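Enquirer: The structure follows.
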Amino acid sequence: MRNHTRWTRAFVAAAAAGAMVGSTVAVPAAAEGTSGHDATNAVVRTDAGPVRGTLAPDHRTFQGIPFAAPPVGALRWRSPQPPRPWSQPRDATKPASMCAQSGGGPVSTNEDCLYLNVTTPRFAGARLRPVMVWVHGGGNSLGSAGEFDARRLAVGGDAVVVTTNYRLGVFGFFGHPALADSGGYGLEDQQAALRWVRRNAAAFGGDPGNVTLFGESGGSYDVCAQLTSPPARGLFHRAIMQSGSCSSSWPNNGVIHGVPAGSPWQPRSQADAAGVALAARLGCAGSVDCLRRLPAADLLPDAEGSTLTAVAYGSRILPDRPDRALAAGRFHRVPVMSGTTRDEGRLTTAYAPQPFTEEQYQRLLAEAFAAKAPQVAARYPSTVHGSPGLAWSAVLTDRSWSCAQLTDDRLLARRTPTYGFEFADRQAPTGYFQFPADLPAGAFHFSDVPYLFDVAGFGATFTPEQQRLADQMIRYWARFARTGDPNGRGLPVWSRFRTSNVQSLAPDDGGIRPVNLDEEHQCAFWASLR
C-alpha cells in the first residue's frame with residue numbers, strides 16, 4: 001500500500017513531505033529587519049513583516065512564508081485574502097503544513113496552508129535575478145511546496161526559486177451555484193502567490209519584472225490554465241509546462257489505472273452539479289454556510305473525486321476551456337517551454353494489475369477505444385513492443401501525453417516563441433517507485449523532476465553522465481527564465497519549435513538533439529482516430 005501511495009503521489013508530481021536542506025546560521029542582532037537583497041543576512045523584510053530564514057554556504061532558504069490569510073471558517077471557498085502583518089522576525093526555517101488532503105499516504109486536515117518557500121543563491125551585488133515560481137503536481141488533490149528542495153536550481157541557475165502551496169481537492173476546486181466564480185480557488189491561490197512575488201521578489205534579490213511560472217503534471221495543467229486566465233495577465237513573463245498540456249485528455253485507464261476517460265477541465269455547470277450533490281450527501285442541501293461549518297475531515301473523502309479536482313471553466317478566473325482558448329489565440333503572449341517524458345505511460349502500467357497479460361492488454365484496449373480498439377491493437381502489437389505491458393505503455397504515452405504536447409506546441413508557436421522538449425533518459429533513477437521485472441521504467445512520468453529538484457524521499461543517485469544532464473537542464477531552464485530562450489554558451493543548440501521537432505534531453509554525447517515527436521509517437525495515426 002505504501003508503494004502504491006508513493007506512486008500515486010509522484011505520478012502527479014508529489015511525494016512525502018520533507019524539508020529543504022541547509023544548516024542554520026545564527027544571525028547577529030544587527031541583521032534584524034534587514035531590507036533589500038543582501039545575501040549575507042538571514043532576515044528579509046517582506047511587505048507583511050520580516051522573516052528569518054536559513055543560511056548555507058551557497059544558498060539561503062525562507063520557508064513557510066504566508067502569502068494569504070488562512071482560508072478557514074468563513075474564508076473557506078472564498079478568494080484569498082491578505083495575511084495579517086507581523087512586526088518581529090518570523091521563523092522561516094521549516095516548511096508549513098501541506099494543504100488538506102488524503103489519498104492513502106500522508107493525510108492533512110489543515111486548511112491553514114497558504115504559504116510559500118523562497119530559495120536564493122548567496123550572491124553579492126545589486127543585479128536582480130530571474131524568479132522561477134514552481135507549481136507542484138498532484139492532480140490538484142495531493143502534494144506540497146515543501147517536497148521540492150530548490151538549492152541546485154537556485155545556485156546552478158543563479159535564480160530565485162519560489163515553491164508554493166495552493167488549496168487542493170474539494171477545498172481548491174469546489175463549485176456551487178451559490179458561489180460566484182467558484183471552481184478555481186486553487187488557481188486564485190497561485191495568482192495570489194504570484195502577486196506576492198511581484199511585491200516582494202526584490203527583497204530576496206529577484207526581479208519582479210522577470211518571473212517564470214513552471215510546473216509538472218497537475219501543476220503543468222495549472223500553468224496552462226494561468227496562460228489563459230485573464231486575472232493572471234502580467235503576473236509572469238515566461239511559462240514552462242512539464243508533462244501536462246492544455247490539449248490533454250485520456251481514455252478509460254489512460255492516465256491512472258482505474259480512472260475513467262476525462263481531461264483536466266470541466267465546465268462550471270458540472271462543477272456546480274458536483275458541489276450540489278456533495279452538499280446533499282453531507283446533509284447541507286442548499287447551504288454553503290452549512291458546508292463551511294463542517295470539519296475538513298468530513299470533506300476529505302471527496303477531495304480526490306475527479307469532478308472536484310478538475311479545473312472549472314466558464315468563470316471570471318477561467319472563462320474558456322484552455323485548449324479552446326489556445327486554439328483561438330486567447331492566451332498571454334509569453335515565451336513557452338513545453339515537454340513530456342519519453343515513456344510517460346510506463347508508470348501507469350507499473351501499477352495496473354500484474355502480471356500484465358495479453359488478455360488484459362486487449363481488454364484495456366477495448367475499454368479505452370471501443371470499436372477502434374482493433375486499429376490500435378494492429379498499430380501497437382505486443383510482439384513488436386516486447387510485451388503486452390510495454391505495448392500498453394506506448395499507447396498511453398502517445399495517446400494521452402506526447403501527441404497532446406505536439407498539439408499545444410503547434411498552437412503556441414503560431415503566436416509566441418515556443419521551445420518543445422522530451423526528457424528521454426531511459427535509465428533515470430526510479431527512487432521509491434517499483435516496476436515489474438518485465439517492464440523497464442524508461443523515462444517514466446515524473447522522471448525529469450529530480451534532475452531539477454531534490455525531491456523529498458526520492459533519493460536520486462546520478463551517474464556522472466546523468467549529473468551532467470541535470471546540470472545542463474538547470475542551465476537550460478534558468479537561461480529560459482532569464483531571457484525567454486534556453487540557449488546559452490556551452491549548451492547544445494535548442495531550436496525553436498518547428499512543425500514536429502523538439503529537443504530530446506538524454507545523457508551521453510549526442511543525447512541532446514532534435515527529434516520528430518510526430519514520427520516517434522505516431523501522432524498522425526492518433527489524429528486519424530478522432
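Just so we're on the same page: first chain in the C-alpha cells is A, next is B, and so on; residues restart at 1 for each chain, and ligands are numbered from 1 in the order they show up.
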Can you tell me which residues surround stretch 363-365 of chain A at a distance of at most 10 Å, considering only C-alpha atoms, apart from same-chain residues fewer than 2 positions away, and format the answer as a PyMOL selection string?

Expert: chain A and resi 251-254+257+357-361+367-377+392+395

Enquirer: Could you go through stretch 298-472 of chain A and tell me which residues DSSP, when run on the backbone, assigns to helix (DSSP H, G or I), listing them as a ChimeraX atom specification?

Expert: /A:298-302,306-309,322-327,346-350,358-379,382-385,388-413,449-451,464-472

Enquirer: Generate the output file for the selected residues, C-alpha atoms, as a PDB file, in the first residue's frame.

Expert:
ATOM      1  CA  ASP A 298     -15.721  15.336   6.658  1.00  0.00           C
ATOM      2  CA  LEU A 299     -14.910  16.728   3.212  1.00  0.00           C
ATOM      3  CA  LEU A 300     -11.627  14.920   2.561  1.00  0.00           C
ATOM      4  CA  PRO A 301     -13.082  11.664   1.181  1.00  0.00           C
ATOM      5  CA  ASP A 302     -14.299  13.761  -1.753  1.00  0.00           C
ATOM      6  CA  SER A 306     -12.461  13.704 -10.460  1.00  0.00           C
ATOM      7  CA  THR A 307     -15.342  16.177 -10.602  1.00  0.00           C
ATOM      8  CA  LEU A 308     -13.954  18.024  -7.581  1.00  0.00           C
ATOM      9  CA  THR A 309     -10.330  18.348  -8.751  1.00  0.00           C
ATOM     10  CA  PRO A 322      -7.870  26.268 -22.068  1.00  0.00           C
ATOM     11  CA  ASP A 323      -7.369  24.155 -25.191  1.00  0.00           C
ATOM     12  CA  ARG A 324     -10.078  26.149 -26.983  1.00  0.00           C
ATOM     13  CA  ALA A 325      -8.590  29.430 -25.780  1.00  0.00           C
ATOM     14  CA  LEU A 326      -5.182  28.332 -27.046  1.00  0.00           C
ATOM     15  CA  ALA A 327      -6.577  27.417 -30.459  1.00  0.00           C
ATOM     16  CA  ARG A 346       5.024   3.186 -18.045  1.00  0.00           C
ATOM     17  CA  LEU A 347       4.213   4.410 -14.539  1.00  0.00           C
ATOM     18  CA  THR A 348       0.515   3.819 -15.126  1.00  0.00           C
ATOM     19  CA  THR A 349       1.215   0.308 -16.415  1.00  0.00           C
ATOM     20  CA  ALA A 350       3.507  -0.484 -13.472  1.00  0.00           C
ATOM     21  CA  GLU A 358      -2.065 -10.187 -23.448  1.00  0.00           C
ATOM     22  CA  GLU A 359      -5.645 -10.791 -22.366  1.00  0.00           C
ATOM     23  CA  GLN A 360      -5.507  -7.766 -20.078  1.00  0.00           C
ATOM     24  CA  TYR A 361      -3.943  -5.649 -22.832  1.00  0.00           C
ATOM     25  CA  GLN A 362      -6.734  -6.477 -25.267  1.00  0.00           C
ATOM     26  CA  ARG A 363      -9.379  -5.836 -22.598  1.00  0.00           C
ATOM     27  CA  LEU A 364      -7.922  -2.430 -21.777  1.00  0.00           C
ATOM     28  CA  LEU A 365      -7.789  -1.512 -25.459  1.00  0.00           C
ATOM     29  CA  ALA A 366     -11.472  -2.383 -25.783  1.00  0.00           C
ATOM     30  CA  GLU A 367     -12.377  -0.348 -22.693  1.00  0.00           C
ATOM     31  CA  ALA A 368     -10.369   2.628 -23.935  1.00  0.00           C
ATOM     32  CA  PHE A 369     -11.167   2.666 -27.649  1.00  0.00           C
ATOM     33  CA  ALA A 370     -14.319   0.582 -28.149  1.00  0.00           C
ATOM     34  CA  ALA A 371     -14.885  -0.065 -31.869  1.00  0.00           C
ATOM     35  CA  LYS A 372     -11.492   1.435 -32.759  1.00  0.00           C
ATOM     36  CA  ALA A 373      -9.594  -0.957 -30.471  1.00  0.00           C
ATOM     37  CA  PRO A 374      -8.643  -3.339 -33.343  1.00  0.00           C
ATOM     38  CA  GLN A 375      -6.956  -0.458 -35.176  1.00  0.00           C
ATOM     39  CA  VAL A 376      -4.930   0.434 -32.091  1.00  0.00           C
ATOM     40  CA  ALA A 377      -4.016  -3.226 -31.481  1.00  0.00           C
ATOM     41  CA  ALA A 378      -2.796  -3.541 -35.062  1.00  0.00           C
ATOM     42  CA  ARG A 379      -0.683  -0.390 -34.753  1.00  0.00           C
ATOM     43  CA  SER A 382       2.782  -6.540 -28.170  1.00  0.00           C
ATOM     44  CA  THR A 383       5.109  -8.698 -30.302  1.00  0.00           C
ATOM     45  CA  VAL A 384       6.713  -5.550 -31.718  1.00  0.00           C
ATOM     46  CA  HIS A 385       6.933  -3.669 -28.426  1.00  0.00           C
ATOM     47  CA  PRO A 388       1.816  -6.507 -23.544  1.00  0.00           C
ATOM     48  CA  GLY A 389       2.811  -4.095 -20.770  1.00  0.00           C
ATOM     49  CA  LEU A 390       5.248  -2.212 -22.983  1.00  0.00           C
ATOM     50  CA  ALA A 391       2.685  -2.032 -25.779  1.00  0.00           C
ATOM     51  CA  TRP A 392       0.021  -0.599 -23.451  1.00  0.00           C
ATOM     52  CA  SER A 393       2.583   1.871 -22.066  1.00  0.00           C
ATOM     53  CA  ALA A 394       3.361   3.075 -25.579  1.00  0.00           C
ATOM     54  CA  VAL A 395      -0.345   3.523 -26.306  1.00  0.00           C
ATOM     55  CA  LEU A 396      -0.788   5.633 -23.179  1.00  0.00           C
ATOM     56  CA  THR A 397       2.361   7.670 -23.777  1.00  0.00           C
ATOM     57  CA  ASP A 398       1.418   8.524 -27.339  1.00  0.00           C
ATOM     58  CA  ARG A 399      -2.345   8.986 -26.965  1.00  0.00           C
ATOM     59  CA  SER A 400      -2.531  10.714 -23.589  1.00  0.00           C
ATOM     60  CA  TRP A 401       0.718  12.687 -23.421  1.00  0.00           C
ATOM     61  CA  SER A 402       3.086  13.208 -26.350  1.00  0.00           C
ATOM     62  CA  CYS A 403       0.606  13.993 -29.109  1.00  0.00           C
ATOM     63  CA  ALA A 404      -1.274  16.436 -26.874  1.00  0.00           C
ATOM     64  CA  GLN A 405       2.023  18.223 -26.287  1.00  0.00           C
ATOM     65  CA  LEU A 406       2.570  18.391 -30.035  1.00  0.00           C
ATOM     66  CA  THR A 407      -0.873  19.955 -30.495  1.00  0.00           C
ATOM     67  CA  ASP A 408      -0.071  22.619 -27.907  1.00  0.00           C
ATOM     68  CA  ASP A 409       3.354  23.345 -29.376  1.00  0.00           C
ATOM     69  CA  ARG A 410       1.877  23.936 -32.806  1.00  0.00           C
ATOM     70  CA  LEU A 411      -0.803  26.276 -31.451  1.00  0.00           C
ATOM     71  CA  LEU A 412       1.624  28.219 -29.281  1.00  0.00           C
ATOM     72  CA  ALA A 413       4.323  28.524 -31.933  1.00  0.00           C
ATOM     73  CA  VAL A 449      11.708  16.402 -11.923  1.00  0.00           C
ATOM     74  CA  PRO A 450      14.621  15.034  -9.810  1.00  0.00           C
ATOM     75  CA  TYR A 451      17.001  16.456 -12.429  1.00  0.00           C
ATOM     76  CA  PRO A 464      28.438  11.240 -13.981  1.00  0.00           C
ATOM     77  CA  GLU A 465      26.642  11.428 -17.343  1.00  0.00           C
ATOM     78  CA  GLN A 466      23.269  11.935 -15.652  1.00  0.00           C
ATOM     79  CA  GLN A 467      24.709  14.594 -13.368  1.00  0.00           C
ATOM     80  CA  ARG A 468      25.963  16.409 -16.442  1.00  0.00           C
ATOM     81  CA  LEU A 469      22.466  16.205 -17.951  1.00  0.00           C
ATOM     82  CA  ALA A 470      20.946  17.568 -14.731  1.00  0.00           C
ATOM     83  CA  ASP A 471      23.400  20.476 -14.806  1.00  0.00           C
ATOM     84  CA  GLN A 472      22.573  21.142 -18.455  1.00  0.00           C
TER      85      GLN A 472
END

Enquirer: Check the smallest atom-to-atom distance from each of A:Arg415, A:His136, A:His176, A:Arg479 to A:Thr212 using only C-alpha atoms, then report the winner.

Expert: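 The closest residue to A:Thr212 is A:Arg479.
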
Enquirer: Would you list, as a list in words, the residues of stretch 256-435 of chain A that end up in strand (DSSP E or B) under DSSP run on this structure's backbone?

Expert: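 Written out, the strand (DSSP E or B) residues of stretch 256-435 of chain A are Gly262, Trp265, Gln266, Pro267, Val311, Ala312, Tyr313, Val336, Met337, Ser338, Gly339, Thr340, Thr341, Thr418, Tyr419, Gly420, Phe421, Glu422 and Phe423 of chain A.
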
Enquirer: In Å, rounded to a single decimal, give me how far atom CA of A:Arg475 is from atom CA of A:Val515.

Expert: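 Atom CA of A:Val515 sits 20.5 Å away from atom CA of A:Arg475.
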
Enquirer: Quick one: of A:Ser97, A:Asn487, A:Asn210, A:Gln266, who's nearest to A:Met473, counting only C-alpha atoms?

Expert: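 That would be A:Asn487, the residue with the smallest distance to A:Met473.
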
Enquirer: List as JSON lines every residue of stretch 357-450 of chain A that is in contact with stretch 328-339 of chain A, defined as an atom at most 7 Å from one of its atoms (using only C-alpha atoms), together with the nearest atom pair and the distance in Å rounded to one decimal, sorted by chain and then rising number.

Expert:
{"residue": "A:Gln405", "atom": "CA", "partner": "A:Gly339", "partner_atom": "CA", "distance": 6.6}
{"residue": "A:Thr416", "atom": "CA", "partner": "A:Pro335", "partner_atom": "CA", "distance": 5.8}
{"residue": "A:Pro417", "atom": "CA", "partner": "A:Pro335", "partner_atom": "CA", "distance": 4.8}
{"residue": "A:Thr418", "atom": "CA", "partner": "A:Val336", "partner_atom": "CA", "distance": 4.9}
{"residue": "A:Tyr419", "atom": "CA", "partner": "A:Met337", "partner_atom": "CA", "distance": 4.7}
{"residue": "A:Gly420", "atom": "CA", "partner": "A:Ser338", "partner_atom": "CA", "distance": 4.9}
{"residue": "A:Phe421", "atom": "CA", "partner": "A:Gly339", "partner_atom": "CA", "distance": 4.5}
{"residue": "A:Glu422", "atom": "CA", "partner": "A:Gly339", "partner_atom": "CA", "distance": 5.3}

Enquirer: Keeping only C-alpha atoms, write the selected residues to a file as a PDB file, in the first residue's frame.

Expert:
ATOM      1  CA  GLN A 405       2.023  18.223 -26.287  1.00  0.00           C
ATOM      2  CA  THR A 416       4.787  33.200 -29.364  1.00  0.00           C
ATOM      3  CA  PRO A 417       8.357  31.823 -29.072  1.00  0.00           C
ATOM      4  CA  THR A 418       7.961  28.131 -28.208  1.00  0.00           C
ATOM      5  CA  TYR A 419      10.555  25.502 -27.286  1.00  0.00           C
ATOM      6  CA  GLY A 420       9.448  21.859 -27.140  1.00  0.00           C
ATOM      7  CA  PHE A 421      11.337  19.102 -25.347  1.00  0.00           C
ATOM      8  CA  GLU A 422      11.189  15.428 -24.476  1.00  0.00           C
TER       9      GLU A 422
END

Enquirer: Just how far from atom CA of A:Gly219 is atom CA of A:Val135, in Å to one decimal?

Expert: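 Interatomic distance here is 4.9 Å.
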
Enquirer: Report, in Å to a single decimal, how far apart atom CA of A:Gly172 and atom CA of A:Gln101 are.

Expert: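 One can read the atom CA of A:Gln101 to atom CA of A:Gly172 distance as 10.6 Å.
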